[in-house]
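Chemist: Take a look at this one; I'll ask things after.
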Amino acid sequence: EAQVTQNPRYLITVTGKKLTVTCSQNMNHEYMSWYRQDPGLGLRQIYYSMNVEVTDKGDVPEGYKVSRKEKRNFPLILESPSPNQTSLYFCASSRGQVTYEQYFGPGTRLTVT
Amino acid sequence: GQSLEQPSEVTAVEGAIVQINCTYQTSGFYGLSWYQQHDGGAPTFLSYNGLDGLEETGRFSSFLSRSDSYGYLLLQELQMKDSASYFCAAIDYKLSFGAGTTVTVRA
């Protein structure tokens, strides 16, 4: 089954404790992206990657890191999480030339206390 | 950057037609996509307009006017399962989403 998977689905952590949210897709997509979703603000893009070893900032990259060492994986790293990073996070992928049709993962609900 | 505006809420009865408007201000723009999201689940792709005009996909249609920086999503023959949030998204290499429109369908 073609899909985007994220782990963990739920995470409660404390301020300053480094964490990684994994994202993997099995569709051989070139483009991958991370979004956060907060009430009343819609989806905001954090980082995106056009292909392996190519990443770029979205609209809200501060406090986040990403890497793209393999085509299928695109982990999101929070090196020192803060409470304002409490949010619902989505990973998505698409064929490189078809970025308008994103396939989203199930989401990761992160709470930072 | 991109800025997209859409209404926050719309309520309609089963069988009705709903139009969700989206206006945008962009620095780079290839087209406008629409996504549906049920109750915080994964957004799913509905439609894309890369050119001006109407695109029809079953009960849903989407329209784009580049000269007016405006698009809309039309939901016809509303069903209860159409109760969800709908997002417009401006497409560049970055994607920028509107804040979303919550559609509530009443019996």
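Starting from 1 in every chain, residues are counted up; chains themselves are A, B, ... following the order of the structure tokens, and ligands are numbered from 1 as listed.
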Quick check: residues of chain B within 9 Å of chain A, only C-alpha atoms, returned as a list in words.
Modeler: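 Selected residues: Gly1, Ser8, Tyr30, Gly31, Leu32, Ser33, Trp34, Gly40, Gly41, Ala42, Pro43, Thr44, Phe45, Leu46, Ser47, Tyr48, Phe87, Ala89, Ala90, Ile91, Asp92, Tyr93, Lys94, Leu95, Ser96, Phe97, Gly98, Ala99 and Gly100 of chain B.
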Chemist: May I have the residues from that selection written out with C-alpha atoms, as a short mmCIF file (atom, residue, chain, number, x, y, z; two decimals), in the first residue's frame?
Modeler:
data_model
loop_
_atom_site.label_atom_id
_atom_site.label_comp_id
_atom_site.auth_asym_id
_atom_site.auth_seq_id
_atom_site.Cartn_x
_atom_site.Cartn_y
_atom_site.Cartn_z
CA GLY B 1 5.93 34.93 0.85
CA SER B 8 -13.46 30.38 8.50
CA TYR B 30 2.25 28.04 -10.20
CA GLY B 31 -1.31 27.21 -9.24
CA LEU B 32 -3.87 26.58 -6.52
CA SER B 33 -4.64 23.27 -4.84
CA TRP B 34 -7.47 22.26 -2.53
CA GLY B 40 -7.35 16.55 12.50
CA GLY B 41 -6.67 13.58 10.26
CA ALA B 42 -4.36 13.61 7.28
CA PRO B 43 -5.24 16.22 4.65
CA THR B 44 -6.16 14.67 1.32
CA PHE B 45 -5.78 16.23 -2.10
CA LEU B 46 -8.99 17.24 -3.89
CA SER B 47 -8.19 19.39 -6.89
CA TYR B 48 -5.62 21.57 -8.64
CA PHE B 87 -7.78 24.34 2.64
CA ALA B 89 -2.84 26.09 -1.05
CA ALA B 90 -0.69 28.25 -3.29
CA ILE B 91 1.81 26.12 -5.15
CA ASP B 92 5.41 27.06 -5.69
CA TYR B 93 8.38 24.93 -4.57
CA LYS B 94 7.14 26.01 -1.18
CA LEU B 95 3.51 25.40 -0.40
CA SER B 96 1.45 27.96 1.50
CA PHE B 97 -1.93 27.05 2.92
CA GLY B 98 -4.88 29.16 3.91
CA ALA B 99 -6.19 28.88 7.48
CA GLY B 100 -8.99 26.58 6.36
#
Chemist: Of the candidates A:Tyr64, A:Thr113, A:Asn51, A:Trp34, which one gets nearest to Thr86 of chain A if we count only C-alpha atoms?
Modeler: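 Among the listed residues, the smallest separation from Thr86 of chain A belongs to A:Thr113.
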Chemist: List every residue of chain B that DSSP, applied to the backbone of this structure, assigns to strand (DSSP E or B), and report them as number ranges by chain.
Modeler: B: 3-5, 9-13, 18-25, 31-37, 44-49, 53-57, 60-65, 70-75, 84-91, 95-97, 101-106
Chemist: Which residues, written as a list in words, have at least one atom at most 8 Å from Thr108 of chain A, with only C-alpha atoms counted and residues fewer than 3 positions away on the same chain left out?
Modeler: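 Skipping anything fewer than 3 positions along the chain leaves Gln6, Asn7, Pro8, Arg9, Tyr10, Leu11, Val21, Leu88, Tyr89 and Phe90 of chain A.
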Chemist: Convert the current residue selection to file output with all heavy atoms, as a PDB file, in the first residue's frame.
Modeler:
ATOM      1  N   GLN A   6       4.608   8.062   9.833  1.00  0.00           N
ATOM      2  CA  GLN A   6       5.276   8.931  10.798  1.00  0.00           C
ATOM      3  C   GLN A   6       5.309   8.220  12.138  1.00  0.00           C
ATOM      4  O   GLN A   6       4.356   7.541  12.524  1.00  0.00           O
ATOM      5  CB  GLN A   6       4.502  10.248  10.995  1.00  0.00           C
ATOM      6  CG  GLN A   6       4.386  11.130   9.805  1.00  0.00           C
ATOM      7  CD  GLN A   6       3.573  12.378  10.097  1.00  0.00           C
ATOM      8  OE1 GLN A   6       2.713  12.762   9.312  1.00  0.00           O
ATOM      9  NE2 GLN A   6       3.848  13.055  11.214  1.00  0.00           N
ATOM     10  N   ASN A   7       6.402   8.433  12.867  1.00  0.00           N
ATOM     11  CA  ASN A   7       6.516   7.914  14.225  1.00  0.00           C
ATOM     12  C   ASN A   7       7.317   8.873  15.098  1.00  0.00           C
ATOM     13  O   ASN A   7       8.295   9.459  14.633  1.00  0.00           O
ATOM     14  CB  ASN A   7       7.207   6.543  14.204  1.00  0.00           C
ATOM     15  CG  ASN A   7       6.268   5.458  13.760  1.00  0.00           C
ATOM     16  OD1 ASN A   7       5.326   5.113  14.465  1.00  0.00           O
ATOM     17  ND2 ASN A   7       6.501   4.932  12.573  1.00  0.00           N
ATOM     18  N   PRO A   8       6.884   9.047  16.359  1.00  0.00           N
ATOM     19  CA  PRO A   8       5.665   8.476  16.943  1.00  0.00           C
ATOM     20  C   PRO A   8       4.415   9.239  16.509  1.00  0.00           C
ATOM     21  O   PRO A   8       4.520  10.292  15.899  1.00  0.00           O
ATOM     22  CB  PRO A   8       5.919   8.653  18.440  1.00  0.00           C
ATOM     23  CG  PRO A   8       6.722   9.907  18.526  1.00  0.00           C
ATOM     24  CD  PRO A   8       7.622   9.895  17.306  1.00  0.00           C
ATOM     25  N   ARG A   9       3.256   8.708  16.830  1.00  0.00           N
ATOM     26  CA  ARG A   9       2.019   9.403  16.536  1.00  0.00           C
ATOM     27  C   ARG A   9       1.685  10.409  17.631  1.00  0.00           C
ATOM     28  O   ARG A   9       1.060  11.440  17.364  1.00  0.00           O
ATOM     29  CB  ARG A   9       0.882   8.394  16.419  1.00  0.00           C
ATOM     30  CG  ARG A   9       1.006   7.432  15.238  1.00  0.00           C
ATOM     31  CD  ARG A   9       0.753   8.135  13.904  1.00  0.00           C
ATOM     32  NE  ARG A   9      -0.424   8.989  13.946  1.00  0.00           N
ATOM     33  CZ  ARG A   9      -1.659   8.547  13.819  1.00  0.00           C
ATOM     34  NH1 ARG A   9      -1.878   7.257  13.620  1.00  0.00           N
ATOM     35  NH2 ARG A   9      -2.689   9.385  13.879  1.00  0.00           N
ATOM     36  N   TYR A  10       2.070  10.099  18.836  1.00  0.00           N
ATOM     37  CA  TYR A  10       1.845  11.002  19.969  1.00  0.00           C
ATOM     38  C   TYR A  10       3.125  11.053  20.785  1.00  0.00           C
ATOM     39  O   TYR A  10       3.785  10.041  20.984  1.00  0.00           O
ATOM     40  CB  TYR A  10       0.696  10.498  20.860  1.00  0.00           C
ATOM     41  CG  TYR A  10      -0.609  10.342  20.128  1.00  0.00           C
ATOM     42  CD1 TYR A  10      -0.943   9.145  19.507  1.00  0.00           C
ATOM     43  CD2 TYR A  10      -1.507  11.400  20.056  1.00  0.00           C
ATOM     44  CE1 TYR A  10      -2.141   9.000  18.829  1.00  0.00           C
ATOM     45  CE2 TYR A  10      -2.710  11.266  19.371  1.00  0.00           C
ATOM     46  CZ  TYR A  10      -3.012  10.065  18.762  1.00  0.00           C
ATOM     47  OH  TYR A  10      -4.198   9.932  18.091  1.00  0.00           O
ATOM     48  N   LEU A  11       3.452  12.257  21.260  1.00  0.00           N
ATOM     49  CA  LEU A  11       4.663  12.410  22.063  1.00  0.00           C
ATOM     50  C   LEU A  11       4.474  13.552  23.035  1.00  0.00           C
ATOM     51  O   LEU A  11       4.087  14.660  22.630  1.00  0.00           O
ATOM     52  CB  LEU A  11       5.869  12.668  21.169  1.00  0.00           C
ATOM     53  CG  LEU A  11       7.215  12.867  21.866  1.00  0.00           C
ATOM     54  CD1 LEU A  11       7.587  11.634  22.669  1.00  0.00           C
ATOM     55  CD2 LEU A  11       8.308  13.185  20.837  1.00  0.00           C
ATOM     56  N   VAL A  21      11.263  13.091  15.005  1.00  0.00           N
ATOM     57  CA  VAL A  21      10.058  12.496  14.454  1.00  0.00           C
ATOM     58  C   VAL A  21      10.428  11.933  13.081  1.00  0.00           C
ATOM     59  O   VAL A  21      10.942  12.664  12.226  1.00  0.00           O
ATOM     60  CB  VAL A  21       8.918  13.518  14.319  1.00  0.00           C
ATOM     61  CG1 VAL A  21       7.649  12.834  13.832  1.00  0.00           C
ATOM     62  CG2 VAL A  21       8.663  14.226  15.647  1.00  0.00           C
ATOM     63  N   LEU A  88       0.504  19.919  16.002  1.00  0.00           N
ATOM     64  CA  LEU A  88       0.259  18.720  15.214  1.00  0.00           C
ATOM     65  C   LEU A  88       1.151  18.810  13.981  1.00  0.00           C
ATOM     66  O   LEU A  88       1.081  19.786  13.229  1.00  0.00           O
ATOM     67  CB  LEU A  88      -1.207  18.634  14.820  1.00  0.00           C
ATOM     68  CG  LEU A  88      -1.662  17.466  13.946  1.00  0.00           C
ATOM     69  CD1 LEU A  88      -1.354  16.126  14.614  1.00  0.00           C
ATOM     70  CD2 LEU A  88      -3.151  17.588  13.642  1.00  0.00           C
ATOM     71  N   TYR A  89       1.991  17.805  13.780  1.00  0.00           N
ATOM     72  CA  TYR A  89       2.959  17.823  12.698  1.00  0.00           C
ATOM     73  C   TYR A  89       2.596  16.796  11.636  1.00  0.00           C
ATOM     74  O   TYR A  89       2.248  15.660  11.946  1.00  0.00           O
ATOM     75  CB  TYR A  89       4.359  17.505  13.235  1.00  0.00           C
ATOM     76  CG  TYR A  89       4.918  18.609  14.097  1.00  0.00           C
ATOM     77  CD1 TYR A  89       4.629  18.660  15.456  1.00  0.00           C
ATOM     78  CD2 TYR A  89       5.712  19.604  13.547  1.00  0.00           C
ATOM     79  CE1 TYR A  89       5.127  19.680  16.247  1.00  0.00           C
ATOM     80  CE2 TYR A  89       6.218  20.635  14.331  1.00  0.00           C
ATOM     81  CZ  TYR A  89       5.910  20.660  15.681  1.00  0.00           C
ATOM     82  OH  TYR A  89       6.408  21.686  16.458  1.00  0.00           O
ATOM     83  N   PHE A  90       2.707  17.229  10.384  1.00  0.00           N
ATOM     84  CA  PHE A  90       2.450  16.346   9.252  1.00  0.00           C
ATOM     85  C   PHE A  90       3.667  16.305   8.333  1.00  0.00           C
ATOM     86  O   PHE A  90       4.245  17.332   8.005  1.00  0.00           O
ATOM     87  CB  PHE A  90       1.251  16.829   8.437  1.00  0.00           C
ATOM     88  CG  PHE A  90      -0.077  16.623   9.099  1.00  0.00           C
ATOM     89  CD1 PHE A  90      -0.710  17.679   9.732  1.00  0.00           C
ATOM     90  CD2 PHE A  90      -0.684  15.380   9.084  1.00  0.00           C
ATOM     91  CE1 PHE A  90      -1.934  17.499  10.338  1.00  0.00           C
ATOM     92  CE2 PHE A  90      -1.919  15.194   9.694  1.00  0.00           C
ATOM     93  CZ  PHE A  90      -2.546  16.258  10.329  1.00  0.00           C
TER      94      PHE A  90
END
Chemist: So, with only C-alpha atoms as the atoms that count, which of B:Gly15, B:Leu54, B:Phe29, B:Ser69 lies closest to Asp82 of chain B?
Modeler: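 For Asp82 of chain B, the nearest of the candidates is B:Gly15.
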